[in-house]
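Raw contents of target_4.pdb, PDB, C-alpha atoms and all ligand atoms:
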```pdb
MODEL        1
ATOM      1  CA  MET A  14     -19.830 -15.004 -15.816
ATOM      2  CA  SER A  15     -18.329 -12.160 -13.745
ATOM      3  CA  VAL A  16     -15.458 -10.085 -15.131
ATOM      4  CA  LYS A  17     -12.372 -10.218 -12.921
ATOM      5  CA  LYS A  18     -11.338  -7.069 -11.148
ATOM      6  CA  HIS A  19      -7.685  -6.378 -11.802
ATOM      7  CA  ILE A  20      -5.531  -4.936  -9.023
ATOM      8  CA  ALA A  21      -2.085  -3.344  -9.403
ATOM      9  CA  ILE A  22       0.051  -3.325  -6.259
ATOM     10  CA  PHE A  23       2.555  -0.455  -6.062
ATOM     11  CA  ALA A  24       5.478  -1.090  -3.690
ATOM     12  CA  SER A  25       8.987   0.257  -3.183
ATOM     13  CA  GLY A  26      10.352  -2.213  -0.640
ATOM     14  CA  THR A  27      10.400  -5.743   0.682
ATOM     15  CA  GLY A  28       6.763  -6.392  -0.065
ATOM     16  CA  THR A  29       5.604  -8.460   2.910
ATOM     17  CA  ASN A  30       2.158  -6.864   2.571
ATOM     18  CA  ALA A  31       2.176  -7.487  -1.172
ATOM     19  CA  ARG A  32       2.927 -11.180  -0.521
ATOM     20  CA  LYS A  33      -0.028 -11.478   1.878
ATOM     21  CA  ILE A  34      -2.352  -9.764  -0.598
ATOM     22  CA  ILE A  35      -1.178 -11.947  -3.501
ATOM     23  CA  ASP A  36      -1.659 -15.036  -1.368
ATOM     24  CA  HIS A  37      -5.124 -13.944  -0.254
ATOM     25  CA  PHE A  38      -6.389 -13.461  -3.817
ATOM     26  CA  LYS A  39      -4.508 -16.247  -5.595
ATOM     27  CA  ASN A  40      -7.565 -18.459  -6.107
ATOM     28  CA  HIS A  41     -10.173 -15.736  -5.994
ATOM     29  CA  SER A  42     -13.021 -16.061  -8.470
ATOM     30  CA  ASP A  43     -13.332 -12.387  -9.426
ATOM     31  CA  ILE A  44     -10.315 -10.471  -8.080
ATOM     32  CA  LYS A  45      -6.853 -10.859  -9.572
ATOM     33  CA  ILE A  46      -3.494  -9.274  -8.756
ATOM     34  CA  ALA A  47      -2.594  -8.421 -12.335
ATOM     35  CA  LEU A  48       0.482  -6.194 -11.997
ATOM     36  CA  ILE A  49       3.229  -5.302  -9.526
ATOM     37  CA  VAL A  50       4.571  -1.783  -9.970
ATOM     38  CA  SER A  51       7.812  -0.558  -8.402
ATOM     39  CA  ASN A  52      10.043   2.481  -8.659
ATOM     40  CA  LYS A  53      13.040   0.436  -7.444
ATOM     41  CA  PRO A  54      14.524  -2.128  -9.831
ATOM     42  CA  ASP A  55      16.027  -4.055  -6.863
ATOM     43  CA  ALA A  56      12.922  -4.015  -4.638
ATOM     44  CA  GLY A  57      12.153  -7.304  -2.891
ATOM     45  CA  VAL A  58       8.579  -7.089  -4.124
ATOM     46  CA  LEU A  59       9.791  -7.793  -7.676
ATOM     47  CA  LYS A  60      11.135 -11.188  -6.567
ATOM     48  CA  ILE A  61       7.705 -11.938  -5.136
ATOM     49  CA  ALA A  62       6.095 -10.939  -8.459
ATOM     50  CA  LYS A  63       8.426 -13.365 -10.233
ATOM     51  CA  GLU A  64       7.704 -16.144  -7.746
ATOM     52  CA  PHE A  65       3.954 -15.813  -8.384
ATOM     53  CA  GLN A  66       4.406 -15.143 -12.131
ATOM     54  CA  ILE A  67       2.729 -11.758 -11.921
ATOM     55  CA  PRO A  68       3.796  -9.205 -14.554
ATOM     56  CA  ASN A  69       5.810  -6.277 -13.215
ATOM     57  CA  LEU A  70       6.367  -2.716 -14.278
ATOM     58  CA  ILE A  71       9.374  -0.662 -13.192
ATOM     59  CA  ILE A  72       8.537   3.006 -13.371
ATOM     60  CA  GLU A  73      10.722   6.063 -13.859
ATOM     61  CA  LYS A  74      10.271   9.443 -12.223
ATOM     62  CA  GLU A  75      10.124  11.544 -15.382
ATOM     63  CA  LYS A  76       7.328   9.592 -17.049
ATOM     64  CA  PHE A  77       5.428   9.068 -13.785
ATOM     65  CA  PHE A  78       5.328  12.720 -12.776
ATOM     66  CA  ARG A  79       5.625  14.595 -16.052
ATOM     67  CA  GLY A  80       4.421  12.049 -18.610
ATOM     68  CA  ASP A  81       1.149  10.115 -18.617
ATOM     69  CA  ALA A  82       1.730   8.510 -15.156
ATOM     70  CA  TYR A  83       1.902   5.125 -16.955
ATOM     71  CA  LEU A  84      -1.831   5.241 -17.629
ATOM     72  CA  SER A  85      -1.488   3.422 -20.927
ATOM     73  CA  GLU A  86       0.392   0.518 -19.291
ATOM     74  CA  LEU A  87      -2.206   0.327 -16.498
ATOM     75  CA  LYS A  88      -5.026   0.361 -19.055
ATOM     76  CA  SER A  89      -3.349  -2.394 -21.115
ATOM     77  CA  ALA A  90      -3.231  -4.565 -17.994
ATOM     78  CA  GLN A  91      -6.948  -3.702 -17.469
ATOM     79  CA  ILE A  92      -6.208  -2.363 -13.997
ATOM     80  CA  ASN A  93      -9.270  -1.036 -12.208
ATOM     81  CA  PHE A  94      -7.993  -0.762  -8.627
ATOM     82  CA  ILE A  95      -4.606   0.280  -7.197
ATOM     83  CA  VAL A  96      -3.162  -0.741  -3.831
ATOM     84  CA  LEU A  97      -0.176   1.114  -2.381
ATOM     85  CA  ALA A  98       1.747  -1.237  -0.091
ATOM     86  CA  GLY A  99       4.850   0.627   0.989
ATOM     87  CA  PHE A 100       5.079   2.821  -2.112
ATOM     88  CA  LEU A 101       7.188   5.887  -1.401
ATOM     89  CA  TRP A 102       6.383   8.270  -4.257
ATOM     90  CA  LYS A 103       3.470  10.670  -4.182
ATOM     91  CA  ILE A 104       0.678   9.728  -6.574
ATOM     92  CA  PRO A 105       0.407  12.233  -9.447
ATOM     93  CA  SER A 106      -2.952  13.942  -9.941
ATOM     94  CA  ALA A 107      -3.365  12.402 -13.425
ATOM     95  CA  LEU A 108      -3.421   8.962 -11.814
ATOM     96  CA  ILE A 109      -5.815  10.029  -9.057
ATOM     97  CA  ALA A 110      -8.146  11.529 -11.669
ATOM     98  CA  ALA A 111      -8.057   8.299 -13.714
ATOM     99  CA  TYR A 112      -8.813   6.149 -10.635
ATOM    100  CA  PRO A 113     -11.191   8.179  -8.431
ATOM    101  CA  ASN A 114     -11.703   6.391  -5.075
ATOM    102  CA  LYS A 115      -9.928   3.407  -6.544
ATOM    103  CA  ILE A 116      -6.471   3.902  -5.018
ATOM    104  CA  ILE A 117      -5.877   2.901  -1.408
ATOM    105  CA  ASN A 118      -2.861   3.084   0.868
ATOM    106  CA  ILE A 119      -1.823   1.528   4.160
ATOM    107  CA  HIS A 120      -0.050   3.698   6.706
ATOM    108  CA  PRO A 121       1.674   2.258   9.795
ATOM    109  CA  ALA A 122       0.174   4.686  12.349
ATOM    110  CA  LEU A 123      -3.132   6.179  13.390
ATOM    111  CA  LEU A 124      -3.698   9.005  10.896
ATOM    112  CA  PRO A 125      -4.113  11.957  10.958
ATOM    113  CA  LYS A 126      -1.233  11.747  13.445
ATOM    114  CA  TYR A 127       2.234  10.738  12.233
ATOM    115  CA  GLY A 128       1.536  11.119   8.513
ATOM    116  CA  GLY A 129       2.740  13.423   5.765
ATOM    117  CA  LYS A 130       5.905  13.849   3.738
ATOM    118  CA  GLY A 131       8.897  12.041   5.231
ATOM    119  CA  MET A 132       6.715  10.020   7.609
ATOM    120  CA  TYR A 133       7.399   6.482   6.503
ATOM    121  CA  GLY A 134       9.010   3.322   7.868
ATOM    122  CA  HIS A 135      11.074   3.730  11.014
ATOM    123  CA  PHE A 136      10.541   7.525  11.054
ATOM    124  CA  VAL A 137       6.890   6.914  11.906
ATOM    125  CA  HIS A 138       7.564   4.438  14.707
ATOM    126  CA  GLU A 139      10.353   6.517  16.212
ATOM    127  CA  ALA A 140       8.116   9.605  16.265
ATOM    128  CA  VAL A 141       5.341   7.628  17.976
ATOM    129  CA  ILE A 142       7.748   6.327  20.639
ATOM    130  CA  GLN A 143       9.336   9.742  21.124
ATOM    131  CA  SER A 144       5.908  11.276  21.744
ATOM    132  CA  LYS A 145       5.241   8.633  24.411
ATOM    133  CA  GLU A 146       2.045   7.463  22.746
ATOM    134  CA  LYS A 147       0.372   4.571  24.550
ATOM    135  CA  GLU A 148      -1.014   3.143  21.332
ATOM    136  CA  SER A 149      -0.327   3.091  17.638
ATOM    137  CA  GLY A 150      -1.891   1.099  14.820
ATOM    138  CA  ILE A 151      -2.661   1.034  11.127
ATOM    139  CA  THR A 152      -4.741   3.187   8.810
ATOM    140  CA  ILE A 153      -6.095   2.110   5.436
ATOM    141  CA  HIS A 154      -7.328   5.085   3.445
ATOM    142  CA  TYR A 155      -8.224   6.337  -0.008
ATOM    143  CA  VAL A 156      -5.463   8.289  -1.717
ATOM    144  CA  ASP A 157      -5.862  11.916  -2.675
ATOM    145  CA  ASP A 158      -3.313  14.487  -3.775
ATOM    146  CA  LYS A 159      -1.852  15.051  -0.290
ATOM    147  CA  TYR A 160       0.389  12.554   1.508
ATOM    148  CA  ASP A 161      -1.538  10.282   3.922
ATOM    149  CA  HIS A 162      -4.654  12.427   3.679
ATOM    150  CA  GLY A 163      -7.627  10.807   1.883
ATOM    151  CA  SER A 164     -10.710   9.492   3.689
ATOM    152  CA  ILE A 165     -10.130   6.710   6.181
ATOM    153  CA  ILE A 166     -11.546   3.256   5.448
ATOM    154  CA  PHE A 167     -10.231   1.297   8.437
ATOM    155  CA  GLN A 168      -8.099   1.696  11.545
ATOM    156  CA  THR A 169      -7.088  -0.672  14.294
ATOM    157  CA  THR A 170      -4.736  -0.229  17.220
ATOM    158  CA  CYS A 171      -1.966  -1.960  19.137
ATOM    159  CA  PRO A 172      -0.197  -0.949  22.353
ATOM    160  CA  VAL A 173       3.134   0.865  22.436
ATOM    161  CA  LEU A 174       5.095  -0.773  25.265
ATOM    162  CA  ILE A 175       7.352   1.123  27.602
ATOM    163  CA  ASN A 176      10.679  -0.250  26.316
ATOM    164  CA  ASP A 177       9.695  -0.572  22.656
ATOM    165  CA  THR A 178      12.304   0.148  20.011
ATOM    166  CA  GLY A 179      11.195   1.283  16.551
ATOM    167  CA  ASP A 180      11.733  -2.292  15.344
ATOM    168  CA  ASP A 181       9.555  -3.765  18.098
ATOM    169  CA  LEU A 182       6.726  -1.448  17.165
ATOM    170  CA  ALA A 183       7.245  -2.019  13.429
ATOM    171  CA  ASN A 184       6.932  -5.777  13.975
ATOM    172  CA  ARG A 185       3.720  -5.385  15.974
ATOM    173  CA  ILE A 186       2.281  -3.114  13.287
ATOM    174  CA  HIS A 187       3.248  -5.524  10.510
ATOM    175  CA  VAL A 188       1.197  -8.261  12.207
ATOM    176  CA  LEU A 189      -1.859  -5.984  12.081
ATOM    177  CA  GLU A 190      -1.203  -5.059   8.447
ATOM    178  CA  HIS A 191      -0.884  -8.681   7.400
ATOM    179  CA  GLU A 192      -4.065  -9.591   9.242
ATOM    180  CA  HIS A 193      -6.296  -6.854   7.834
ATOM    181  CA  PHE A 194      -5.107  -5.317   4.561
ATOM    182  CA  ALA A 195      -6.211  -8.012   2.088
ATOM    183  CA  LYS A 196      -9.622  -8.359   3.776
ATOM    184  CA  ILE A 197     -10.237  -4.610   3.581
ATOM    185  CA  ILE A 198      -9.188  -4.545  -0.087
ATOM    186  CA  GLU A 199     -11.702  -7.303  -0.769
ATOM    187  CA  GLU A 200     -14.451  -5.367   1.028
ATOM    188  CA  CYS A 201     -13.641  -2.210  -0.968
ATOM    189  CA  LEU A 202     -13.870  -4.123  -4.225
ATOM    190  CA  GLN A 203     -17.157  -5.753  -3.308
ATOM    191  CA  LYS A 204     -18.901  -2.471  -2.491
TER     192      LYS A 204
HETATM  193  C1  LIG A 301       4.198  -0.998   5.735
HETATM  194  O1  LIG A 301       4.492  -0.843   7.090
HETATM  195  C2  LIG A 301       3.173   0.002   5.288
HETATM  196  O2  LIG A 301       2.351   0.456   6.312
HETATM  197  C3  LIG A 301       4.011   1.140   4.795
HETATM  198  O3  LIG A 301       5.136   0.545   4.228
HETATM  199  C4  LIG A 301       5.398  -0.706   4.854
HETATM  200  C5  LIG A 301       5.622  -1.730   3.781
HETATM  201  O4  LIG A 301       6.115  -2.906   4.332
HETATM  202  N1  LIG A 301       3.247   2.003   3.938
HETATM  203  P1  LIG A 301       6.311  -4.220   3.474
HETATM  204  O5  LIG A 301       7.272  -3.887   2.341
HETATM  205  O6  LIG A 301       4.965  -4.618   2.946
HETATM  206  O7  LIG A 301       6.869  -5.211   4.432
ENDMDL
END
```
Do you think you could lay out the structure here as structure tokens?
Amino acid sequence: MSVKKHIAIFASGTGTNARKIIDHFKNHSDIKIALIVSNKPDAGVLKIAKEFQIPNLIIEKEKFFRGDAYLSELKSAQINFIVLAGFLWKIPSALIAAYPNKIINIHPALLPKYGGKGMYGHFVHEAVIQSKEKESGITIHYVDDKYDHGSIIFQTTCPVLINDTGDDLANRIHVLEHEHFAKIIEECLQK
């Protein structure tokens, strides 16, 4: 009998990616979404956790960055892989060291362009439009100790249309994220 791999999803916002991932793995034989972690007590993703009866953990800055980075809670939930799906805090080095090549992030642009501190949500899409890029896309990558920097696992593109607003582009990017993220997570875990 195979031992289930336990994923924690870290998210700060609405959690549309988290929902897709949860849905993808809900009847999976050896991968389980075991914990939803958020730094925002009112994040939409916590409602999704409740809906699917997945345990949640609300984290505080002090303990995350200057304490043990919640390692004991993650160990108790037997977490062996971490997915960042719209999580806005930097990952402390203690957590990276405890999960080497086992933390992945999705970024709504084609890294290495349009990444780094402050490049999230609409800021990314507005910068892409402002620079008159003809295409944008998504990047799924391993997490290291710099924002949006670790090695790239997967990228795919979509066009940026001439009259696009940030919202138009965000919607197009979300479609790509929802189509690919769970499948790439599954591939990473089956390596
Ligand atoms: C996504 O666009 C992802 O690329 C970024 O944060 C957003 C999260 O969106 N890192 P949602 O909360 O999953 O809808």
Nearest to ligand LIG 301 (chain A): which of A:Leu123, A:Leu84, A:Ile151, A:Ile71 is it, counting only C-alpha atoms and all ligand atoms?
-> A:Ile151
Result set, the PyMOL selection byres (((chain A and resi 100) around 10) and not hetatm) on current file, as a list of chain:residue names | A:Ile22, A:Phe23, A:Ala24, A:Ser25, A:Gly26, A:Gly28, A:Val50, A:Ser51, A:Asn52, A:Lys53, A:Val96, A:Leu97, A:Ala98, A:Gly99, A:Leu101, A:Trp102, A:Lys103, A:Ile104, A:Asn118, A:Ile119, A:Tyr133
Report the centre and edge lengths, in Å to one decimal, of an axis-aligned box enclosing every atom of ligand LIG 301 (chain A) listed in the file, padded by 5 Å on each side, as AutoDock Vina command-line options.
```
--center_x 4.8 --center_y -1.6 --center_z 4.7 --size_x 14.9 --size_y 17.2 --size_z 14.7
```
Shell around Gln143 in chain A at 12 Å using only C-alpha atoms, local window under 2 positions removed, as an MDAnalysis selection string = chainID A and resid 127 135:141 145:147 173 175:179
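Each of A:Leu70, A:Ile95, A:Ile153, A:Leu59 was checked against Ile46 in chain A using all atoms listed in the file; the smallest atom-to-atom distance is that of A:Ile95.
Nearest residue to ligand LIG 301 (chain A) among A:Gly134, A:Pro54, A:Pro125, A:Gly163 is A:Gly134, counting only C-alpha atoms and all ligand atoms.
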Apply the PyMOL selection byres (((chain A and resi 89) around 12) and not hetatm) to the displayed file and report the matching residues as a PyMOL selection string.
-> chain A and resi 19+21+47-48+68+70+83-88+90-93
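Going from CA of Lys17 in chain A over to CA of Gln168 in chain A, you cover 27.5 Å.
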